[in-house]
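Read through the structure below, which is laid out as structure tokens, and then see the notes.
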Amino acid sequence: MSYEVVSNLERLKAKLDFVQEAGFDTVEIPIQGMNVITNGEIETKRLHAYAKLFSDTSLHFTMHAPFDLNLFRQGDAAFESKLFMTSLEVTGALGSEVLVYHVGRFISEEQFIYPHSWRSLTIAEKQQLMQQEVDLMRIAGDRAKQLNVRIGMENMRPYLDCPHYCYSVVPKELARQVAAVNHSHVGITLDIGHLYLSTQMYGLHLQEELEAMMPYILHIHMHDNFGKPCFSTEKNQYELTPHGRGDMHMPIGKGGIPIAEIAKLMENTAINGYLIHEVREQYESHWADLAQKHNLLFLKSDAQDKQYYAG
């Protein structure tokens, strides 16, 4: 859902009404789009306005932490940790049940076009960063439990220009990290589109990567692509579509992801969580069809109800 919509309460209300009419019962909201956090501090009055809007609808809500939040960012780790915990408080205050989190990146996305800024980390330094993330996730997990929120650490998309910027581009590595956290309220947000891109770019075995994550999945992002990674500077979806490149966030069934195979692999995995159709708003005309596709493919996985999110 675009920031222009999320940041305007009247436009957001109209969009939520449309989503409900399309047959969905849950929306995922990007926290940064609401403008409820400034310099790490909560804008209380604005947060209360969103809380009222959400309480006036029968929809459920999940939250996505600010995309640029990076617990591995050099020089200001304390602020990044504070921003994460503030995002968790916002999630709880809004009555949302899930906070999706982009895990730590060794190289932040804003650095990709400036290779001279890339810090060469030793194995020991990377291990230290990952242990710091584990420690914070345990603290955050305790607070999340108090707030009735679960934290979903997401498997990230790969990029051609910086293929090893983040450990979770290899889903097995994310599973190991979540296992190390070992907290009831911290698990995995499975992004099916990112999973497919990673298997194609790194030559990974889809079943092995998926099975490694299965014990920890508490939230799902579902969307389609053709498994063709792109460079980080390639952002315009209208330019990428003719080539079938990148993290396209198309409605499931329009790309090349073997979704029936994935659903089959997951059929005996009971997931007490939400399934979010994370599709671009340019595909709005397809929204009404998505719930039926979810019912046919994932009903046996016990993912809750019919879900929606437009990224």
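The way I read the labels, and the way they are meant: chains A, B, ... in the order of the structure tokens, residue 1 as the first residue of every chain, and ligand 1 as the first ligand shown, with later ones counted on from there.
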Those of segment 105-183 of chain A in DSSP strand (DSSP E or B), formatted as a list in words: Arg105, Arg150, Ile151, Gly152, Met153, Glu154 and Cys166 of chain A
Segment 105-120 of chain A environment, 8 Å, only C-alpha atoms, sequence neighbours closer than 6 positions dropped, as a list in words: Asp68, Asn70, Leu71, Phe72, Arg73, Lys126, Asp161, Cys162, Tyr165, Cys166, Tyr167, Ser232 and Thr233 of chain A
Neighbour list for Ile31 of chain A as a ChimeraX atom specification, cut-off 9 Å, only C-alpha atoms, skip fewer than 5 positions in-chain: /A:6,36-37,63-67,87,90-91
Residue among A:Lys172, A:His205, A:Lys52, A:His183 lying closest to Met137 of chain A, counting only C-alpha atoms: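 That would be A:His183, the residue with the smallest distance to Met137 of chain A.
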Contact residues around Ile42 of chain A with only C-alpha atoms at 12 Å, ignoring same-chain residues under 2 positions, as a list in words: Ile31, Gln32, Met34, Asn35, Val36, Ile37, Thr38, Asn39, Gly40, Thr44, Lys45, Arg46, Leu47, His48, Lys82, Leu83, Phe84, Met85, Thr86, Ser87, Leu88, Glu89, Val90, Thr91 and Ala93 of chain A
A:Pro258, A:Gly273, A:Pro171, A:Gly246 ranked by distance to Glu97 of chain A, top pick (using only C-alpha atoms):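 Result for the nearest residue to Glu97 of chain A: A:Gly273.
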Using only C-alpha atoms, determine which residues lie at most 10 Å from Gly256 of chain A, disregarding the query and same-chain residues fewer than 5 positions distant; provide the list as a compact mmCIF listing (two decimals) with C-alpha atoms, in the first residue's frame.
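Wrote around.txt, looks like this:
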```
# COMPACT_ATOMS: atom_id res chain seq x y z
CA GLY A 193 8.86 -14.34 -3.76
CA TYR A 196 12.23 -18.21 -5.24
CA ASP A 224 4.93 -13.97 -7.77
CA ASN A 225 7.94 -13.33 -10.01
CA PHE A 226 9.96 -15.11 -12.69
CA GLY A 227 13.05 -15.85 -10.61
CA LYS A 228 15.22 -13.28 -12.41
CA GLY A 244 10.22 -10.26 -16.07
```
Test item: residues at most 9 Å from Gly141 of chain A, only C-alpha atoms, excluding those fewer than 4 positions along its chain, as a PyMOL selection string: chain A and resi 136-137+145-146+149-151+181+183-186
Please, could you write that set of residues out with C-alpha atoms as a compact mmCIF listing (two decimals), in the first residue's frame?
```
# COMPACT_ATOMS: atom_id res chain seq x y z
CA LEU A 136 18.03 -7.87 21.01
CA MET A 137 15.47 -10.28 19.57
CA LYS A 145 4.88 -11.38 24.55
CA GLN A 146 3.62 -8.69 26.93
CA VAL A 149 2.69 -9.42 19.33
CA ARG A 150 4.89 -11.86 17.42
CA ILE A 151 8.00 -10.78 15.52
CA VAL A 181 17.03 -16.63 19.32
CA HIS A 183 11.90 -17.37 21.67
CA SER A 184 8.20 -18.22 21.48
CA HIS A 185 7.34 -14.77 20.09
CA VAL A 186 10.09 -14.55 17.47
```
Pick from A:Val98, A:Ala260, A:Met266, A:Val178 nearest to Arg138 of chain A, counting only C-alpha atoms: A:Val178
Distance query Val27 of chain A at most 12 Å, only C-alpha atoms, self and fewer than 6 positions along chain excluded, as a ChimeraX atom specification: /A:1,6,12-13,15-20,54,57-64,96-98,221,274-279,305-311
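Going from atom CA of His223 of chain A over to atom CA of Tyr283 of chain A, you cover 11.2 Å.
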